[in-house]
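Coordinates as given in start_9.txt (compact mmCIF, C-alpha atoms):
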```txt
# COMPACT_ATOMS: atom_id res chain seq x y z
CA MET K 1 0.00 0.00 0.00
CA SER K 2 2.62 2.50 1.00
CA ASP K 3 4.68 1.98 -2.16
CA THR K 4 1.96 3.02 -4.58
CA THR K 5 1.69 6.71 -5.33
CA LEU K 6 -1.26 8.40 -6.91
CA PRO K 7 -0.47 9.82 -10.37
CA LEU K 8 -2.05 13.13 -9.52
CA SER K 9 0.75 15.64 -9.77
CA SER K 10 1.06 16.79 -13.35
CA GLY K 11 4.38 18.53 -12.93
CA GLY K 12 6.06 15.46 -11.58
CA THR K 13 6.59 16.91 -8.10
CA SER K 14 6.71 14.22 -5.47
CA GLU K 15 5.15 16.12 -2.60
CA PRO K 16 3.15 13.75 -0.37
CA LEU K 17 -0.58 14.24 -0.27
CA ARG K 18 -1.95 15.71 2.95
CA PHE K 19 -5.53 15.08 3.84
CA HIS K 20 -5.75 17.31 6.86
CA VAL K 21 -3.86 20.21 8.24
CA ALA K 22 -1.49 19.12 10.96
CA GLU K 23 -2.10 22.38 12.80
CA GLU K 24 -5.86 22.59 12.76
CA PRO K 25 -7.11 26.04 13.55
CA HIS K 26 -8.76 26.16 16.92
CA PRO K 27 -9.46 28.87 19.46
CA PRO K 28 -7.13 29.10 22.43
CA ASN K 29 -8.46 27.53 25.64
CA GLY K 30 -10.84 25.28 23.70
CA THR K 31 -11.07 22.99 26.71
CA LEU K 32 -12.39 25.69 29.01
CA LEU K 33 -15.03 26.68 26.47
CA GLY K 34 -16.02 23.04 26.00
CA PHE K 35 -16.29 22.56 29.74
CA TRP K 36 -18.43 25.67 29.95
CA LEU K 37 -20.79 24.13 27.39
CA TYR K 38 -21.00 21.01 29.57
CA LEU K 39 -21.87 23.19 32.57
CA MET K 40 -24.62 24.86 30.56
CA SER K 41 -26.14 21.47 29.71
CA ASP K 42 -25.90 20.53 33.39
CA CYS K 43 -27.70 23.78 34.09
CA LEU K 44 -30.60 22.53 31.94
CA ILE K 45 -30.84 19.34 34.03
CA PHE K 46 -31.16 21.46 37.15
CA ALA K 47 -33.66 23.73 35.41
CA CYS K 48 -35.89 20.68 34.80
CA LEU K 49 -35.56 19.60 38.44
CA PHE K 50 -36.34 23.14 39.60
CA ALA K 51 -39.38 23.17 37.30
CA ALA K 52 -40.55 19.85 38.76
CA TYR K 53 -40.17 21.25 42.27
CA GLY K 54 -41.91 24.47 41.25
CA VAL K 55 -44.88 22.44 40.03
CA LEU K 56 -45.00 19.80 42.80
CA GLY K 57 -43.50 21.68 45.75
CA ARG K 58 -46.88 22.41 47.34
CA GLU K 59 -48.50 19.01 46.74
CA TYR K 60 -48.26 17.49 50.19
CA ALA K 61 -50.75 14.58 49.78
CA GLY K 62 -51.74 14.99 53.43
CA GLY K 63 -48.08 14.65 54.44
CA PRO K 64 -45.79 17.15 56.10
CA THR K 65 -45.31 20.64 54.66
CA GLY K 66 -42.03 22.39 54.08
CA THR K 67 -42.43 24.40 57.28
CA GLN K 68 -42.68 21.17 59.26
CA VAL K 69 -39.73 19.22 57.86
CA LEU K 70 -37.14 21.72 56.58
CA GLU K 71 -34.60 22.78 59.20
CA LEU K 72 -33.18 26.18 58.38
CA PRO K 73 -30.29 26.18 60.92
CA THR K 74 -28.82 23.08 59.23
CA VAL K 75 -29.23 24.72 55.83
CA ALA K 76 -27.58 27.91 57.04
CA LEU K 77 -24.58 25.85 58.20
CA ASN K 78 -24.58 23.95 54.90
CA THR K 79 -24.61 27.16 52.90
CA THR K 80 -21.73 28.53 54.96
CA MET K 81 -19.67 25.42 54.20
CA LEU K 82 -20.23 25.69 50.47
CA LEU K 83 -19.61 29.43 50.32
CA LEU K 84 -16.37 29.05 52.31
CA SER K 85 -15.27 26.19 50.04
CA SER K 86 -15.82 28.48 47.05
CA ILE K 87 -13.37 31.09 48.33
CA THR K 88 -10.83 28.48 49.50
CA TYR K 89 -10.84 27.08 45.95
CA GLY K 90 -10.26 30.65 44.81
CA PHE K 91 -7.19 30.81 47.07
CA ALA K 92 -5.97 27.54 45.52
CA VAL K 93 -6.31 29.05 42.03
CA LEU K 94 -4.34 32.11 43.14
CA GLU K 95 -1.52 29.87 44.45
CA MET K 96 -1.66 27.92 41.19
CA GLN K 97 -1.11 31.13 39.25
CA ARG K 98 2.02 31.76 41.34
CA ASN K 99 3.18 28.17 40.73
CA ARG K 100 3.30 27.45 44.46
CA GLN K 101 2.32 23.83 44.69
CA LYS K 102 2.39 23.20 48.43
CA PRO K 103 0.03 26.01 49.58
CA MET K 104 -2.21 25.18 46.64
CA MET K 105 -2.52 21.59 47.80
CA VAL K 106 -3.37 22.79 51.32
CA TRP K 107 -6.17 25.02 50.00
CA LEU K 108 -7.45 22.18 47.81
CA ALA K 109 -7.54 19.89 50.85
CA VAL K 110 -9.44 22.53 52.85
CA THR K 111 -11.91 22.86 49.97
CA GLY K 112 -12.40 19.09 49.87
CA LEU K 113 -13.00 18.93 53.62
CA LEU K 114 -15.58 21.73 53.47
CA GLY K 115 -17.29 19.93 50.61
CA ALA K 116 -17.29 16.69 52.59
CA ALA K 117 -18.81 18.50 55.58
CA PHE K 118 -21.55 19.82 53.27
CA VAL K 119 -22.35 16.33 51.95
CA ALA K 120 -22.27 14.87 55.47
CA LEU K 121 -24.74 17.49 56.77
CA GLU K 122 -27.02 16.88 53.81
CA LEU K 123 -26.95 13.12 54.28
CA THR K 124 -27.80 13.58 57.98
CA GLU K 125 -30.77 15.70 56.99
CA PHE K 126 -31.92 13.05 54.49
CA ALA K 127 -31.48 10.29 57.08
CA HIS K 128 -33.65 12.19 59.59
CA LEU K 129 -36.37 12.72 57.00
CA ILE K 130 -36.41 9.08 55.95
CA ALA K 131 -36.30 7.84 59.57
CA ASP K 132 -39.40 9.93 60.29
CA GLY K 133 -41.23 8.28 57.40
CA ASN K 134 -40.84 11.36 55.20
CA GLY K 135 -38.86 9.70 52.42
CA PRO K 136 -39.25 10.52 48.73
CA GLN K 137 -42.24 8.15 48.44
CA ARG K 138 -44.31 10.14 50.96
CA SER K 139 -45.57 12.94 48.70
CA ALA K 140 -44.91 14.75 45.44
CA PHE K 141 -43.33 17.58 47.44
CA LEU K 142 -40.80 15.22 49.03
CA SER K 143 -40.16 13.36 45.74
CA SER K 144 -39.23 16.53 43.92
CA PHE K 145 -37.31 17.78 46.97
CA PHE K 146 -35.16 14.65 47.16
CA ALA K 147 -34.62 14.63 43.39
CA LEU K 148 -33.41 18.24 43.27
CA VAL K 149 -31.35 18.39 46.47
CA GLY K 150 -30.07 14.84 45.96
CA THR K 151 -28.84 15.58 42.42
CA HIS K 152 -26.97 18.61 43.70
CA GLY K 153 -25.44 16.55 46.52
CA LEU K 154 -24.39 13.91 43.99
CA HIS K 155 -22.65 16.59 41.94
CA VAL K 156 -20.76 17.82 45.00
CA THR K 157 -19.73 14.24 45.79
CA CYS K 158 -18.41 13.82 42.23
CA GLY K 159 -16.60 17.14 42.62
CA ILE K 160 -14.86 15.86 45.78
CA ILE K 161 -13.77 12.65 44.01
CA TRP K 162 -12.47 14.72 41.08
CA LEU K 163 -10.62 16.96 43.56
CA ILE K 164 -8.88 13.97 45.18
CA VAL K 165 -7.90 12.52 41.80
CA LEU K 166 -6.53 15.89 40.72
CA MET K 167 -4.49 16.24 43.93
CA VAL K 168 -2.89 12.86 43.21
CA GLN K 169 -2.14 13.96 39.64
CA VAL K 170 -0.54 17.21 40.80
CA LYS K 171 1.46 15.26 43.37
CA GLN K 172 2.79 12.94 40.66
CA LYS K 173 3.36 15.31 37.72
CA GLY K 174 3.63 18.69 39.38
CA LEU K 175 1.97 21.87 38.16
CA ILE K 176 2.23 21.16 34.45
CA LEU K 177 -0.01 22.94 31.98
CA ALA K 178 -2.39 19.97 31.62
CA ASN K 179 -2.92 19.88 35.38
CA LYS K 180 -3.47 23.63 35.50
CA ARG K 181 -6.15 23.32 32.86
CA ARG K 182 -7.83 20.54 34.82
CA LEU K 183 -7.70 22.68 37.95
CA MET K 184 -9.42 25.52 36.09
CA CYS K 185 -12.14 23.13 34.87
CA LEU K 186 -12.76 21.87 38.40
CA SER K 187 -12.80 25.50 39.56
CA MET K 188 -15.63 26.24 37.14
CA PHE K 189 -17.47 23.06 38.21
CA TRP K 190 -17.14 23.90 41.91
CA HIS K 191 -18.29 27.51 41.58
CA PHE K 192 -21.11 26.39 39.31
CA LEU K 193 -22.38 24.04 42.03
CA ASP K 194 -22.35 26.98 44.42
CA VAL K 195 -24.49 28.94 41.96
CA ILE K 196 -26.98 26.06 41.83
CA TRP K 197 -27.02 25.92 45.62
CA VAL K 198 -27.99 29.61 45.74
CA GLY K 199 -31.08 28.63 43.76
CA VAL K 200 -31.74 25.62 46.01
CA PHE K 201 -31.56 27.40 49.35
CA SER K 202 -33.59 30.35 48.08
CA PHE K 203 -36.25 28.50 46.12
CA VAL K 204 -36.58 25.28 48.10
CA TYR K 205 -35.61 26.06 51.68
CA LEU K 206 -36.31 29.75 52.31
CA MET K 207 -39.46 29.93 50.19
CA GLY K 208 -40.50 26.45 51.39
CA VAL K 209 -40.74 27.42 55.05
CA LEU K 210 -42.62 30.66 54.44
CA PRO K 211 -46.31 30.40 55.35
CA MET F 1 -6.81 17.56 24.49
CA SER F 2 -4.71 16.09 27.28
CA THR F 3 -2.14 14.60 24.93
CA HIS F 4 -2.04 17.70 22.80
CA GLU F 5 0.92 19.28 24.51
CA GLU F 6 2.92 16.07 24.51
CA MET F 7 2.45 15.73 20.75
CA HIS F 8 3.29 19.32 19.91
CA PRO F 9 5.64 20.60 22.60
CA ASP F 10 5.90 24.14 21.29
CA HIS F 11 3.70 24.99 18.40
CA GLY F 12 3.41 28.52 19.67
CA ASP F 13 -0.21 29.48 19.15
CA GLY F 14 -0.72 30.83 22.59
CA HIS F 15 -1.48 27.66 24.50
CA ASP F 16 0.96 28.26 27.31
CA GLU F 17 -1.42 30.64 29.07
CA LEU F 18 -4.85 29.66 30.34
CA GLY F 19 -6.11 33.18 29.92
CA VAL F 20 -7.67 33.43 33.37
CA HIS F 21 -6.24 36.00 35.73
CA ALA F 22 -7.88 35.72 39.13
CA THR F 23 -7.05 38.27 41.79
CA LEU F 24 -7.29 38.14 45.57
CA LYS F 25 -9.26 41.37 45.56
CA GLY F 26 -11.80 39.90 43.14
CA TYR F 27 -12.33 36.80 45.25
CA PHE F 28 -12.70 38.84 48.45
CA THR F 29 -15.15 41.25 46.86
CA GLY F 30 -17.18 38.34 45.53
CA PHE F 31 -17.11 36.55 48.87
CA LEU F 32 -18.24 39.58 50.86
CA LEU F 33 -21.07 40.34 48.44
CA ALA F 34 -22.15 36.69 48.37
CA ALA F 35 -22.03 36.41 52.16
CA GLY F 36 -24.18 39.53 52.52
CA LEU F 37 -26.66 38.34 49.93
CA THR F 38 -26.90 34.99 51.74
CA ILE F 39 -27.21 36.34 55.27
CA ILE F 40 -29.94 38.89 54.47
CA PRO F 41 -32.59 36.41 53.20
CA PHE F 42 -31.74 33.85 55.90
CA TRP F 43 -32.10 36.54 58.56
CA LEU F 44 -35.38 37.76 57.06
CA VAL F 45 -36.91 34.27 57.03
CA MET F 46 -35.44 32.87 60.25
CA GLY F 47 -36.09 36.09 62.15
CA GLY F 48 -39.72 36.00 61.06
CA VAL F 49 -39.63 39.47 59.52
CA PHE F 50 -42.07 38.56 56.76
CA THR F 51 -45.72 38.02 57.53
CA LYS F 52 -46.97 37.57 53.98
CA SER F 53 -45.30 35.15 51.57
CA GLY F 54 -46.03 37.01 48.33
CA PRO F 55 -43.59 39.95 48.61
CA ALA F 56 -41.17 37.77 50.58
CA ASP F 57 -40.94 35.26 47.72
CA ALA F 58 -40.27 38.02 45.23
CA PHE F 59 -37.61 39.59 47.44
CA ILE F 60 -35.83 36.27 48.08
CA LEU F 61 -35.81 35.46 44.36
CA LEU F 62 -34.46 38.93 43.56
CA LEU F 63 -31.59 38.51 46.05
CA ALA F 64 -30.87 35.03 44.66
CA ALA F 65 -30.68 36.44 41.12
CA VAL F 66 -28.28 39.18 42.23
CA GLN F 67 -26.14 36.63 44.08
CA ILE F 68 -25.97 34.37 41.01
CA VAL F 69 -24.69 37.33 38.96
CA VAL F 70 -22.10 38.08 41.68
CA HIS F 71 -20.91 34.45 41.62
CA ALA F 72 -20.73 34.44 37.83
CA ILE F 73 -18.62 37.60 37.67
CA TYR F 74 -16.26 37.17 40.63
CA PHE F 75 -15.95 33.36 40.91
CA LEU F 76 -16.64 32.08 37.38
CA HIS F 77 -14.80 35.07 35.82
CA MET F 78 -17.56 35.72 33.32
CA ASN F 79 -17.25 38.75 31.12
CA THR F 80 -18.15 39.68 27.57
CA LYS F 81 -14.63 38.96 26.29
CA SER F 82 -13.85 35.55 27.82
CA GLU F 83 -13.46 32.83 25.15
CA GLY F 84 -14.09 35.44 22.49
CA GLY F 85 -17.68 35.96 23.62
CA TRP F 86 -18.77 32.34 23.03
CA ASN F 87 -18.97 31.85 26.77
CA LEU F 88 -21.54 34.57 27.11
CA LEU F 89 -23.45 33.46 24.02
CA ALA F 90 -23.81 29.92 25.41
CA LEU F 91 -24.93 31.37 28.74
CA ILE F 92 -27.60 33.55 27.14
CA PHE F 93 -28.89 30.62 25.08
CA THR F 94 -29.07 28.48 28.23
CA LEU F 95 -30.85 31.21 30.17
CA VAL F 96 -33.49 31.47 27.44
CA LEU F 97 -34.09 27.71 27.64
CA VAL F 98 -34.17 27.82 31.46
CA VAL F 99 -36.75 30.61 31.47
CA ILE F 100 -38.93 28.74 28.95
CA THR F 101 -38.66 25.50 30.96
CA LEU F 102 -39.45 27.09 34.33
CA SER F 103 -42.18 29.52 33.37
CA GLY F 104 -43.74 27.11 30.87
CA SER F 105 -43.93 24.23 33.37
CA VAL F 106 -45.37 26.32 36.18
CA TRP F 107 -47.87 28.05 33.91
CA ILE F 108 -49.20 24.87 32.27
CA MET F 109 -49.28 22.73 35.39
CA PHE F 110 -50.97 25.49 37.39
CA HIS F 111 -53.90 25.43 34.97
CA LEU F 112 -53.86 21.63 34.86
CA ASN F 113 -54.43 21.53 38.61
CA ASP F 114 -57.47 23.78 38.22
CA ASN F 115 -59.02 21.31 35.80
CA MET F 116 -58.64 18.24 38.03
CA MET F 117 -61.69 16.40 39.34
CA PRO F 118 -62.55 17.51 42.84
CA MET F 119 -61.76 14.97 45.53
CA THR F 120 -64.44 13.68 47.85
CA LEU F 121 -63.85 13.57 51.59
CA GLN F 122 -63.88 9.76 51.44
CA GLN F 123 -61.12 9.76 48.81
CA ALA F 124 -59.05 12.24 50.78
CA ARG F 125 -59.21 10.02 53.86
CA ASN F 126 -58.05 6.97 51.91
CA LEU F 127 -54.91 8.63 50.58
CA PRO F 128 -51.74 6.61 51.17
```

Would you kindly transcribe this structure into structure tokens?
Amino acid sequence: MSDTTLPLSSGGTSEPLRFHVAEEPHPPNGTLLGFWLYLMSDCLIFACLFAAYGVLGREYAGGPTGTQVLELPTVALNTTMLLLSSITYGFAVLEMQRNRQKPMMVWLAVTGLLGAAFVALELTEFAHLIADGNGPQRSAFLSSFFALVGTHGLHVTCGIIWLIVLMVQVKQKGLILANKRRLMCLSMFWHFLDVIWVGVFSFVYLMGVLP
Amino acid sequence: MSTHEEMHPDHGDGHDELGVHATLKGYFTGFLLAAGLTIIPFWLVMGGVFTKSGPADAFILLLAAVQIVVHAIYFLHMNTKSEGGWNLLALIFTLVLVVITLSGSVWIMFHLNDNMMPMTLQQARNLP
């Protein structure tokens, strides 16, 4: 196969045929833009869950109302954890820009711990609800509540796993460009989850306990 | 993309910078604004300031919208120039879809509830 040449060139020049440009034109930071598009599609998933909660959030089926089962002090603590983890990730990004690996790893670890505290608090809340017989099967309100808050919690859990994997990668390869790009992607993911949480605590918790 | 740099070590089209320049001041400003915008609605609801839910709902949603913008600017580094504007374009497209999904669902299902058969007392008692 490789010996045969196509008799295309009329002038007898033996320049090899090229079927694609080796340097394909692409915008700089294509990865970050692509990851942004993923976040936007994730945003649509949450929009659907918010819509479901908006429709079903007041259908109690004779079960408990939001005022009776939602505990605002826990949520306030939860929100604090997530907001603090957002700024500690910001500190990690700042250290990354200065190429200081050790303080960056410390800030990443702090971020991971705050995220873990958030998930732990949320799981405790879920466990209390289910133990009291107020699981997702109780009413449409609780179904949509568990679906929305649970999906967000699942995202945070995935974010923590990603964070741990990334810390191992940085430990092994150092702050190379590929790792920096991954850190920026996780940064967007983490802050995006905080944005979703703003919607959750406002729409579900605060508005849910109002009379 | 991950093997890109290994294949072409220095092809010099501006890949050695990620193009994001975060500052400590930006993060602190964002954090303070976000903290304020979180504490105010929690204080209003937990302190029992509101007596009617109508204006309270609107106010909470307004604060949430402002806080989302704060997060987008100071934490997600959104501006009109990032990624040559494609970032913002994707965001606007998503927001349009989100608004259609939310308002459309609530509007249609609200009227659907009105058209349901009324429940008798006997049926209500036998609910699971």

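The two atoms in question, atom CA of Leu33 of chain K and atom CA of Ser202 of chain K, are spaced 28.7 Å apart.
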
Would you compute the distance between atom CA of Ala90 of chain F and atom CA of Leu37 of chain K? Give it in Å to one decimal. 6.8 Å

Using all atoms listed in the file, find the one residue out of K:Val149, K:Val198, K:Gly208, K:Thr65 that sits nearest to Ile68 of chain F. K:Val198

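For the atom pair formed by atom CA of Gly30 of chain K and atom CA of Ser82 of chain F, the distance is 11.5 Å, given to one decimal.
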
Using only C-alpha atoms, find each residue in chain F having at least one atom no more than 8 Å away from chain K; report its shortest atom-to-atom pair and that distance in Å (one decimal), rows by chain then rising number, as JSON lines.
```
{"residue": "F:Met1", "atom": "CA", "partner": "K:Thr31", "partner_atom": "CA", "distance": 7.2}
{"residue": "F:Ser2", "atom": "CA", "partner": "K:Ala178", "partner_atom": "CA", "distance": 6.3}
{"residue": "F:Glu5", "atom": "CA", "partner": "K:Ala178", "partner_atom": "CA", "distance": 7.9}
{"residue": "F:Asp13", "atom": "CA", "partner": "K:Pro28", "partner_atom": "CA", "distance": 7.7}
{"residue": "F:Gly14", "atom": "CA", "partner": "K:Pro28", "partner_atom": "CA", "distance": 6.6}
{"residue": "F:His15", "atom": "CA", "partner": "K:Pro28", "partner_atom": "CA", "distance": 6.2}
{"residue": "F:Asp16", "atom": "CA", "partner": "K:Leu177", "partner_atom": "CA", "distance": 7.1}
{"residue": "F:Leu18", "atom": "CA", "partner": "K:Asn29", "partner_atom": "CA", "distance": 6.3}
{"residue": "F:Gly19", "atom": "CA", "partner": "K:Asn29", "partner_atom": "CA", "distance": 7.5}
{"residue": "F:His21", "atom": "CA", "partner": "K:Gln97", "partner_atom": "CA", "distance": 7.9}
{"residue": "F:Ala22", "atom": "CA", "partner": "K:Leu94", "partner_atom": "CA", "distance": 6.5}
{"residue": "F:Thr23", "atom": "CA", "partner": "K:Leu94", "partner_atom": "CA", "distance": 6.9}
{"residue": "F:Leu24", "atom": "CA", "partner": "K:Leu94", "partner_atom": "CA", "distance": 7.1}
{"residue": "F:Tyr27", "atom": "CA", "partner": "K:Gly90", "partner_atom": "CA", "distance": 6.5}
{"residue": "F:Phe28", "atom": "CA", "partner": "K:Ile87", "partner_atom": "CA", "distance": 7.8}
{"residue": "F:Phe31", "atom": "CA", "partner": "K:Ile87", "partner_atom": "CA", "distance": 6.6}
{"residue": "F:Ala34", "atom": "CA", "partner": "K:Leu83", "partner_atom": "CA", "distance": 7.9}
{"residue": "F:Ala35", "atom": "CA", "partner": "K:Leu83", "partner_atom": "CA", "distance": 7.6}
{"residue": "F:Pro41", "atom": "CA", "partner": "K:Leu206", "partner_atom": "CA", "distance": 7.7}
{"residue": "F:Phe42", "atom": "CA", "partner": "K:Leu206", "partner_atom": "CA", "distance": 7.1}
{"residue": "F:Val45", "atom": "CA", "partner": "K:Leu206", "partner_atom": "CA", "distance": 6.6}
{"residue": "F:Met46", "atom": "CA", "partner": "K:Leu72", "partner_atom": "CA", "distance": 7.3}
{"residue": "F:Thr51", "atom": "CA", "partner": "K:Pro211", "partner_atom": "CA", "distance": 7.9}
{"residue": "F:Lys52", "atom": "CA", "partner": "K:Pro211", "partner_atom": "CA", "distance": 7.3}
{"residue": "F:Ser53", "atom": "CA", "partner": "K:Leu210", "partner_atom": "CA", "distance": 6.0}
{"residue": "F:Asp57", "atom": "CA", "partner": "K:Met207", "partner_atom": "CA", "distance": 6.1}
{"residue": "F:Ile60", "atom": "CA", "partner": "K:Ser202", "partner_atom": "CA", "distance": 6.3}
{"residue": "F:Leu61", "atom": "CA", "partner": "K:Ser202", "partner_atom": "CA", "distance": 6.7}
{"residue": "F:Ala64", "atom": "CA", "partner": "K:Val198", "partner_atom": "CA", "distance": 6.2}
{"residue": "F:Gln67", "atom": "CA", "partner": "K:Val198", "partner_atom": "CA", "distance": 7.4}
{"residue": "F:Ile68", "atom": "CA", "partner": "K:Val195", "partner_atom": "CA", "distance": 5.7}
{"residue": "F:His71", "atom": "CA", "partner": "K:Val195", "partner_atom": "CA", "distance": 6.6}
{"residue": "F:Ala72", "atom": "CA", "partner": "K:Val195", "partner_atom": "CA", "distance": 7.8}
{"residue": "F:Phe75", "atom": "CA", "partner": "K:His191", "partner_atom": "CA", "distance": 6.3}
{"residue": "F:Leu76", "atom": "CA", "partner": "K:Met188", "partner_atom": "CA", "distance": 5.9}
{"residue": "F:Glu83", "atom": "CA", "partner": "K:Leu33", "partner_atom": "CA", "distance": 6.5}
{"residue": "F:Trp86", "atom": "CA", "partner": "K:Leu33", "partner_atom": "CA", "distance": 7.6}
{"residue": "F:Asn87", "atom": "CA", "partner": "K:Leu33", "partner_atom": "CA", "distance": 6.5}
{"residue": "F:Ala90", "atom": "CA", "partner": "K:Leu37", "partner_atom": "CA", "distance": 6.8}
{"residue": "F:Leu91", "atom": "CA", "partner": "K:Met40", "partner_atom": "CA", "distance": 6.8}
{"residue": "F:Thr94", "atom": "CA", "partner": "K:Met40", "partner_atom": "CA", "distance": 6.2}
{"residue": "F:Leu97", "atom": "CA", "partner": "K:Leu44", "partner_atom": "CA", "distance": 7.6}
{"residue": "F:Val98", "atom": "CA", "partner": "K:Ala47", "partner_atom": "CA", "distance": 5.7}
{"residue": "F:Thr101", "atom": "CA", "partner": "K:Cys48", "partner_atom": "CA", "distance": 6.8}
{"residue": "F:Leu102", "atom": "CA", "partner": "K:Ala51", "partner_atom": "CA", "distance": 4.9}
{"residue": "F:Ser103", "atom": "CA", "partner": "K:Ala51", "partner_atom": "CA", "distance": 8.0}
{"residue": "F:Ser105", "atom": "CA", "partner": "K:Ala51", "partner_atom": "CA", "distance": 6.1}
{"residue": "F:Val106", "atom": "CA", "partner": "K:Val55", "partner_atom": "CA", "distance": 5.5}
{"residue": "F:Met109", "atom": "CA", "partner": "K:Val55", "partner_atom": "CA", "distance": 6.4}
{"residue": "F:Phe110", "atom": "CA", "partner": "K:Val55", "partner_atom": "CA", "distance": 7.3}
{"residue": "F:Leu127", "atom": "CA", "partner": "K:Ala61", "partner_atom": "CA", "distance": 7.3}
```

Can you pull out the residues contacting Ala109 of chain K? Cut-off 12 Å, using only C-alpha atoms, and skip same-chain residues under 5 positions away; I want them as a short mmCIF file (atom, residue, chain, number, x, y, z; two decimals) with C-alpha atoms, keeping the file's coordinate frame.
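Below is the file selection_12.cif, written as the result:
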```cif
data_model
loop_
_atom_site.label_atom_id
_atom_site.label_comp_id
_atom_site.auth_asym_id
_atom_site.auth_seq_id
_atom_site.Cartn_x
_atom_site.Cartn_y
_atom_site.Cartn_z
CA SER K 85 -15.27 26.19 50.04
CA THR K 88 -10.83 28.48 49.50
CA TYR K 89 -10.84 27.08 45.95
CA PHE K 91 -7.19 30.81 47.07
CA ALA K 92 -5.97 27.54 45.52
CA LYS K 102 2.39 23.20 48.43
CA PRO K 103 0.03 26.01 49.58
CA MET K 104 -2.21 25.18 46.64
CA LEU K 114 -15.58 21.73 53.47
CA GLY K 115 -17.29 19.93 50.61
CA ALA K 116 -17.29 16.69 52.59
CA ILE K 160 -14.86 15.86 45.78
CA ILE K 161 -13.77 12.65 44.01
CA LEU K 163 -10.62 16.96 43.56
CA ILE K 164 -8.88 13.97 45.18
CA VAL K 165 -7.90 12.52 41.80
CA LEU K 166 -6.53 15.89 40.72
CA MET K 167 -4.49 16.24 43.93
CA VAL K 168 -2.89 12.86 43.21
#
```

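Shortest separation to Gly30 of chain F among F:Asn79, F:Tyr74, F:Phe93, F:Ala124 occurs at residue F:Tyr74, atoms counted being all atoms listed in the file.
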
Restricting the calculation to only C-alpha atoms, which member of K:Glu15, K:Val110, K:Thr67, K:Gln101 is positioned closest to Lys173 of chain K? K:Gln101

How big is the axis-aligned box, and where does its centre sit, when it encloses all atoms of segment 36-55 of chain F listed in the file and has 3 Å added on every side, reported in Å to one decimal as JSON?
```
{"center_x": -35.6, "center_y": 36.4, "center_z": 55.2, "size_x": 28.8, "size_y": 13.1, "size_z": 19.8}
```

Generate the coordinates of N, CA and C atoms for segment 71-82 of chain K; report them as a short mmCIF file (atom, residue, chain, number, x, y, z; two decimals), in the frame of the given file.
```
data_model
loop_
_atom_site.label_atom_id
_atom_site.label_comp_id
_atom_site.auth_asym_id
_atom_site.auth_seq_id
_atom_site.Cartn_x
_atom_site.Cartn_y
_atom_site.Cartn_z
N GLU K 71 -35.27 22.15 58.06
CA GLU K 71 -34.60 22.78 59.20
C GLU K 71 -33.63 23.84 58.70
N LEU K 72 -34.00 25.09 58.92
CA LEU K 72 -33.18 26.18 58.38
C LEU K 72 -31.80 26.30 59.04
N PRO K 73 -31.65 26.07 60.36
CA PRO K 73 -30.29 26.18 60.92
C PRO K 73 -29.29 25.26 60.24
N THR K 74 -29.72 24.00 59.94
CA THR K 74 -28.82 23.08 59.23
C THR K 74 -28.46 23.64 57.86
N VAL K 75 -29.47 24.20 57.17
CA VAL K 75 -29.23 24.72 55.83
C VAL K 75 -28.30 25.93 55.88
N ALA K 76 -28.46 26.76 56.91
CA ALA K 76 -27.58 27.91 57.04
C ALA K 76 -26.12 27.46 57.19
N LEU K 77 -25.92 26.40 58.01
CA LEU K 77 -24.58 25.85 58.20
C LEU K 77 -24.04 25.27 56.89
N ASN K 78 -24.91 24.53 56.21
CA ASN K 78 -24.58 23.95 54.90
C ASN K 78 -24.11 25.00 53.92
N THR K 79 -24.91 26.08 53.83
CA THR K 79 -24.61 27.16 52.90
C THR K 79 -23.28 27.80 53.23
N THR K 80 -23.02 27.97 54.54
CA THR K 80 -21.73 28.53 54.96
C THR K 80 -20.58 27.67 54.47
N MET K 81 -20.72 26.34 54.64
CA MET K 81 -19.67 25.42 54.20
C MET K 81 -19.37 25.61 52.72
N LEU K 82 -20.43 25.64 51.92
CA LEU K 82 -20.23 25.69 50.47
C LEU K 82 -19.66 27.03 50.03
#
```
